[in-house]
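Asks: Below is the structure I would like to discuss, written out as structure tokens.
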Amino acid sequence: MDIAPAEELASVAMESIPDTSFAENFCVSFLRQAQNSDGGWGFRPDATSRAEPTCWALKALIAVGAAEHSDAEAILRGLNFLTAGQLPDGSWPATPEEKNGCWVTSLACWVLASSGDGKYSKAIGDGLRWVCDDWPRDSSPWRRWLRKLSSSGRHSKQNDALRGWGWTPGTSSWVEPTAFALLALESQPAIALPGNAEERRKLGEALLYDRMCPGGGWNCGNPEVYGVAGEPLVIPTTWALLALRRHPERSENIESLAWMEKNFAHIKGPGSYALARICLSGYGCKRNEDGPGAGDYHAKNESLQSVEAAAWTSLAARDTNKWLPGASVKR
Amino acid sequence: MTNVRNQALIPSFQRPTSRVLIRRAASYEQELGTLIYESLVEFVLPVKGKVVLLKPNLVGLDPLGVMNTHPAVIAATRESFLRLGASQVLIGDGPAMDRDTEAILESVRLREFAGPLARTFVDLNVDDVERVPLPTRASRLKELYFPKTVLGADLVVSMPKLKTHHWAGVTLSLKNMFGVVPGSCYGWPKNVLHWAGIDNAILDINAAVKPDFAIVDGIVGMEGNGPIQGTPKACGALIFGDDPVAVDATCCRVMGLMPERIKYLAAAGTMLGHLKADKIQQVGETVASLKSNFAVVAEFARLRQAA
């Protein structure tokens, strides 16, 4: 399959296309066409279906809205692919042949919750139980003691008592998987959550604040190494800020949002551009409409073959408060 | 696509002497195509009709062009392999810290040098993957997923930048192969490799993927707190070889560091290639003529060669 190649996009005057039209005319139709016969999506058209791109494509198509009945069957096939990939312990693996779950579990729970269909409540419950029982390995007392003795412990400033989530079980806490776990927990009513969810949520939020870069924003989770401040990045900053939306008044949120607004004009990729828009919109910020739009980024970067970038662009064109969990934030 | 990289490992003591070529290159502005083409010709590589994968070191957003393999070197290498008769020359990497690979490509201006990338560049972080049992047990990892593009390439060329590294000592052609481990399976960063031990994971990955050739961008390297926050260091060298261990050992000597004291390189010297200078046939410029002492973080002061 070769959908909307860069040359075709480049031939269209993208600067004249508003982001919402671009999302609808190019990204959503791209996602519809990129679905595999097994109901899932790969990271690119014709790639093997995997849980993560399937989650993003579903999230985008579900957000298109109930009025688009034409997507109902595609969404159902996608949800069936997703639930069929759940492991017996409730988790989701990164790739179908893998037998161990990972961070994608949070994303899958969040997406199943967005479907609004009660038949997925058991799958979500099992998934969130796995998430809440998955403790990172770096923050155990033994590991913290070892780290104090190691050179890495001496050269990075972080509170090792805080515990978030790792990308894979048995590793360290990082910003993005922690943010996704928090969003997954936020997507369910408190009564449906595992008993330790509140404790995990508080620890996870504290970890995110601890790992913020000096001056605001987040990178993968290294705010400072060898006394040098880490550089924030758009994608982890977006997810961290969205996961912390219940604290819009905190100075760290305000500082990080200011970093995002300041750096918006310097964004290089379509995925980062879409997520930055989602982030700013999630905090009720008005975006300066000058400068390149989604279509320019996609054409310039030849990346409309990316299911993730197309899904994020599509989501950026929607009202974030309709698809993000938690209360809306007004500025 | 099948895994064409599962040939048996040849222990170093059974390997013939390795050859490493050092070429002087003062700047990225000079004409690199001929220099790189002529250097490759010296190695008589079996590339005619083959698929070549160039694996540069694309670490992150790099507007100043100091942390990533320079696009001029990548583009000139691609042209050279096509000129040598390769049927396809792909460029692929899976950046470890930032999942927006498109943004990194844009920041390093790779398109300006290499042309449209839609059918040339592969984001190894999100490529289709295949589970590969590791032929070595240096770490506790028994298997890893690798991108099918890497496993299916006839020739894998590791193209790092000449840099020091705050956890591993140096990051050269062997450490550069961390970038073939897919982020979509292991995250950003690929933290499972850190838990397995960086030194041991480097050995296991290289034993599984077996890069066939190395070209190190040492025109401007990085010293100190590398691989991201170090200081640019002009060295004026491009270093070539079909034994990545020998290439890395030679790079260390050019950097004024002792390869035998770098844990993973010392181990690689027993199983993946040659580390000792007497097993490396040095051609082109001499190490001494381009030697430039690279600063290292305090933990790696022991790597420095005696004055």
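Simple scheme: letters A, B, ... for chains in structure tokens order, numbers from 1 for residues in each chain, numbers from 1 for ligands in the order shown.
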Identify every residue of chain A that has at least one atom within 9 Å of any atom of chain B, counting only C-alpha atoms, and report the result as a PDB file with C-alpha atoms, in the first residue's frame.

Replies:
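The result, stored in part.pdb:
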```pdb
ATOM      1  CA  PRO A   5       3.076   9.849  -0.781  1.00  0.00           C
ATOM      2  CA  ALA A   6       5.044  12.930   0.044  1.00  0.00           C
ATOM      3  CA  GLY A  42       1.098  -1.359  12.171  1.00  0.00           C
ATOM      4  CA  PHE A  43       3.332   1.648  12.652  1.00  0.00           C
ATOM      5  CA  ARG A  44       3.159   2.087   8.873  1.00  0.00           C
ATOM      6  CA  ALA A  47       3.438  -3.314   8.672  1.00  0.00           C
ATOM      7  CA  THR A  48       2.519  -6.019  11.168  1.00  0.00           C
ATOM      8  CA  GLU A  52       0.559   0.586  20.199  1.00  0.00           C
ATOM      9  CA  PRO A  93       2.864  -6.882  24.923  1.00  0.00           C
ATOM     10  CA  ALA A  94       4.698  -4.566  22.532  1.00  0.00           C
ATOM     11  CA  THR A  95       4.586  -7.134  19.737  1.00  0.00           C
ATOM     12  CA  GLU A  97       4.814 -12.812  19.662  1.00  0.00           C
ATOM     13  CA  GLU A  98       6.011 -11.396  23.003  1.00  0.00           C
ATOM     14  CA  CYS A 102       4.758  -3.581  28.978  1.00  0.00           C
ATOM     15  CA  TRP A 103       3.804   0.083  29.127  1.00  0.00           C
ATOM     16  CA  SER A 151      28.720   6.797  40.134  1.00  0.00           C
ATOM     17  CA  SER A 152      25.373   7.190  38.366  1.00  0.00           C
ATOM     18  CA  GLY A 166       8.913   1.820  33.423  1.00  0.00           C
ATOM     19  CA  TRP A 167       8.703   0.992  29.722  1.00  0.00           C
ATOM     20  CA  THR A 168       9.177  -2.692  30.488  1.00  0.00           C
ATOM     21  CA  PRO A 169       8.791  -4.593  33.761  1.00  0.00           C
ATOM     22  CA  GLY A 170      11.799  -4.807  36.040  1.00  0.00           C
ATOM     23  CA  THR A 171      13.412  -1.566  34.874  1.00  0.00           C
ATOM     24  CA  SER A 172      13.378   2.093  35.979  1.00  0.00           C
ATOM     25  CA  TRP A 174      10.473   7.048  33.096  1.00  0.00           C
ATOM     26  CA  GLU A 176       6.204   8.786  29.364  1.00  0.00           C
ATOM     27  CA  PRO A 177       5.157   5.385  30.754  1.00  0.00           C
ATOM     28  CA  ASN A 219      12.732  14.788  28.571  1.00  0.00           C
ATOM     29  CA  CYS A 220      12.654  11.014  28.950  1.00  0.00           C
ATOM     30  CA  VAL A 225      23.355  14.610  34.557  1.00  0.00           C
ATOM     31  CA  TYR A 226      26.866  15.568  35.664  1.00  0.00           C
ATOM     32  CA  VAL A 228      24.253  19.780  33.294  1.00  0.00           C
ATOM     33  CA  GLY A 230      18.713  18.128  30.577  1.00  0.00           C
ATOM     34  CA  LEU A 233      11.498  17.528  24.567  1.00  0.00           C
ATOM     35  CA  VAL A 234       8.020  18.118  23.195  1.00  0.00           C
ATOM     36  CA  ILE A 235       6.631  14.587  23.388  1.00  0.00           C
ATOM     37  CA  PRO A 236       7.445  13.733  27.024  1.00  0.00           C
ATOM     38  CA  ILE A 267       9.127  22.302  16.517  1.00  0.00           C
ATOM     39  CA  LYS A 268      10.621  20.169  13.757  1.00  0.00           C
ATOM     40  CA  GLY A 269       8.410  17.127  13.318  1.00  0.00           C
ATOM     41  CA  PRO A 270       4.702  16.547  12.609  1.00  0.00           C
ATOM     42  CA  GLY A 271       4.274  14.237  15.603  1.00  0.00           C
ATOM     43  CA  SER A 272       5.692  16.789  18.008  1.00  0.00           C
ATOM     44  CA  ASN A 301       8.732  15.468   6.512  1.00  0.00           C
ATOM     45  CA  GLU A 302       7.267  12.867   4.162  1.00  0.00           C
ATOM     46  CA  SER A 303       5.762  11.260   7.221  1.00  0.00           C
ATOM     47  CA  GLN A 305       3.132   7.001   6.296  1.00  0.00           C
TER      48      GLN A 305
END
```

Asks: From the DSSP assignment of the backbone, select every residue of stretch 150-269 of chain B that is helix (DSSP H, G or I), and format the answer as an MDAnalysis selection string.

Replies: chainID B and resid 150:152 175:180 183:186 191:195 198:209 244:254 259:261 263:269

Asks: Any chance you could list, as a PyMOL selection string, the residues in stretch 183-261 of chain A that come up strand (DSSP E) when DSSP is run on the backbone?

Replies: chain A and resi 224-225+228-229

Asks: Keeping only N, CA and C atoms, write those residues as a PDB file, in the first residue's frame.

Replies:
```
ATOM      1  N   GLU A 224      18.876  16.140  34.973  1.00  0.00           N
ATOM      2  CA  GLU A 224      20.223  16.690  35.135  1.00  0.00           C
ATOM      3  C   GLU A 224      21.225  15.545  35.230  1.00  0.00           C
ATOM      4  N   VAL A 225      22.292  15.619  34.479  1.00  0.00           N
ATOM      5  CA  VAL A 225      23.355  14.610  34.557  1.00  0.00           C
ATOM      6  C   VAL A 225      24.699  15.319  34.581  1.00  0.00           C
ATOM      7  N   VAL A 228      24.745  19.061  34.479  1.00  0.00           N
ATOM      8  CA  VAL A 228      24.253  19.780  33.294  1.00  0.00           C
ATOM      9  C   VAL A 228      22.747  19.529  33.168  1.00  0.00           C
ATOM     10  N   ALA A 229      21.997  20.607  33.027  1.00  0.00           N
ATOM     11  CA  ALA A 229      20.543  20.481  32.921  1.00  0.00           C
ATOM     12  C   ALA A 229      20.164  19.744  31.644  1.00  0.00           C
TER      13      ALA A 229
END
```

Asks: Taking 5 positions as the minimum chain separation for residues in the same chain, which residues sit within 12 Å of B:Ser139 when counting only C-alpha atoms? Answer as a PDB file with N, CA and C atoms, in the first residue's frame.

Replies:
```pdb
ATOM      1  N   LEU B 134      20.036 -14.644  21.406  1.00  0.00           N
ATOM      2  CA  LEU B 134      21.381 -14.058  21.373  1.00  0.00           C
ATOM      3  C   LEU B 134      22.427 -15.171  21.385  1.00  0.00           C
ATOM      4  N   LEU B 144      16.578 -10.797  21.989  1.00  0.00           N
ATOM      5  CA  LEU B 144      16.156  -9.416  21.773  1.00  0.00           C
ATOM      6  C   LEU B 144      15.362  -9.360  20.479  1.00  0.00           C
ATOM      7  N   VAL B 192      16.068  -1.466  29.203  1.00  0.00           N
ATOM      8  CA  VAL B 192      16.367  -2.873  29.485  1.00  0.00           C
ATOM      9  C   VAL B 192      17.856  -3.160  29.229  1.00  0.00           C
ATOM     10  N   LEU B 193      18.437  -2.427  28.307  1.00  0.00           N
ATOM     11  CA  LEU B 193      19.870  -2.626  28.005  1.00  0.00           C
ATOM     12  C   LEU B 193      20.738  -2.092  29.138  1.00  0.00           C
ATOM     13  N   HIS B 194      20.303  -1.021  29.771  1.00  0.00           N
ATOM     14  CA  HIS B 194      21.065  -0.492  30.908  1.00  0.00           C
ATOM     15  C   HIS B 194      21.007  -1.485  32.074  1.00  0.00           C
ATOM     16  N   TRP B 195      19.829  -2.064  32.285  1.00  0.00           N
ATOM     17  CA  TRP B 195      19.682  -3.036  33.374  1.00  0.00           C
ATOM     18  C   TRP B 195      20.478  -4.307  33.083  1.00  0.00           C
ATOM     19  N   ALA B 196      20.645  -4.606  31.822  1.00  0.00           N
ATOM     20  CA  ALA B 196      21.439  -5.798  31.468  1.00  0.00           C
ATOM     21  C   ALA B 196      22.933  -5.502  31.605  1.00  0.00           C
ATOM     22  N   GLY B 197      23.279  -4.241  31.800  1.00  0.00           N
ATOM     23  CA  GLY B 197      24.683  -3.823  31.850  1.00  0.00           C
ATOM     24  C   GLY B 197      25.077  -3.324  30.470  1.00  0.00           C
ATOM     25  N   ILE B 198      25.436  -2.052  30.388  1.00  0.00           N
ATOM     26  CA  ILE B 198      25.724  -1.462  29.074  1.00  0.00           C
ATOM     27  C   ILE B 198      26.826  -2.234  28.357  1.00  0.00           C
ATOM     28  N   ASP B 199      27.904  -2.527  29.081  1.00  0.00           N
ATOM     29  CA  ASP B 199      29.039  -3.212  28.447  1.00  0.00           C
ATOM     30  C   ASP B 199      28.619  -4.577  27.893  1.00  0.00           C
ATOM     31  N   ASN B 200      27.890  -5.324  28.719  1.00  0.00           N
ATOM     32  CA  ASN B 200      27.492  -6.663  28.281  1.00  0.00           C
ATOM     33  C   ASN B 200      26.464  -6.620  27.155  1.00  0.00           C
ATOM     34  N   ALA B 201      25.559  -5.656  27.240  1.00  0.00           N
ATOM     35  CA  ALA B 201      24.544  -5.539  26.183  1.00  0.00           C
ATOM     36  C   ALA B 201      25.196  -5.182  24.845  1.00  0.00           C
ATOM     37  N   ILE B 202      26.226  -4.338  24.889  1.00  0.00           N
ATOM     38  CA  ILE B 202      26.931  -3.985  23.645  1.00  0.00           C
ATOM     39  C   ILE B 202      27.493  -5.252  22.991  1.00  0.00           C
ATOM     40  N   LEU B 203      28.055  -6.115  23.806  1.00  0.00           N
ATOM     41  CA  LEU B 203      28.626  -7.358  23.259  1.00  0.00           C
ATOM     42  C   LEU B 203      27.547  -8.243  22.657  1.00  0.00           C
ATOM     43  N   ASP B 204      26.457  -8.424  23.396  1.00  0.00           N
ATOM     44  CA  ASP B 204      25.389  -9.310  22.904  1.00  0.00           C
ATOM     45  C   ASP B 204      24.767  -8.790  21.610  1.00  0.00           C
ATOM     46  N   ILE B 205      24.548  -7.488  21.552  1.00  0.00           N
ATOM     47  CA  ILE B 205      23.920  -6.915  20.347  1.00  0.00           C
ATOM     48  C   ILE B 205      24.846  -7.078  19.138  1.00  0.00           C
ATOM     49  N   ALA B 207      27.241  -9.250  18.735  1.00  0.00           N
ATOM     50  CA  ALA B 207      27.393 -10.661  18.380  1.00  0.00           C
ATOM     51  C   ALA B 207      26.186 -11.150  17.586  1.00  0.00           C
ATOM     52  N   TYR B 264      33.920  -3.107  27.599  1.00  0.00           N
ATOM     53  CA  TYR B 264      33.280  -3.854  26.515  1.00  0.00           C
ATOM     54  C   TYR B 264      34.230  -4.083  25.343  1.00  0.00           C
TER      55      TYR B 264
END
```

Asks: Excluding B:Phe240 and residues on its chain fewer than 5 positions from it, collect all residues at most 6 Å away from it, counting only C-alpha atoms, and give them as a list in words.

Replies: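 Answer for this query is Val20, Leu21, Ala214 and Ile215 of chain B.
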
Asks: Could those selected residues go to a file with C-alpha atoms, as an mmCIF file, in the first residue's frame?

Replies:
```cif
data_model
loop_
_atom_site.group_PDB
_atom_site.id
_atom_site.type_symbol
_atom_site.label_atom_id
_atom_site.label_comp_id
_atom_site.auth_asym_id
_atom_site.auth_seq_id
_atom_site.Cartn_x
_atom_site.Cartn_y
_atom_site.Cartn_z
ATOM 1 C CA VAL B 20 41.905 -0.127 9.454
ATOM 2 C CA LEU B 21 42.204 2.874 7.187
ATOM 3 C CA ALA B 214 32.447 0.685 10.222
ATOM 4 C CA ILE B 215 32.997 4.272 9.171
#
```

Asks: Can you list, as an MDAnalysis selection string, every protein, DNA or RNA residue that comes within 10 Å of A:Arg245 when you count only C-alpha atoms, leaving out same-chain residues fewer than 4 positions away?

Replies: chainID A and resid 183 239:241 249:250 253 279 282:283 324:329

Asks: Using only C-alpha atoms, which protein or nucleic acid residues come within 12 Å of A:Ala258? Drop anything in the same chain fewer than 6 positions from it, and give the result as an NGL selection string.

Replies: :A and (215-217 or 237 or 241 or 251-252 or 264 or 276 or 279-280 or 283 or 285)
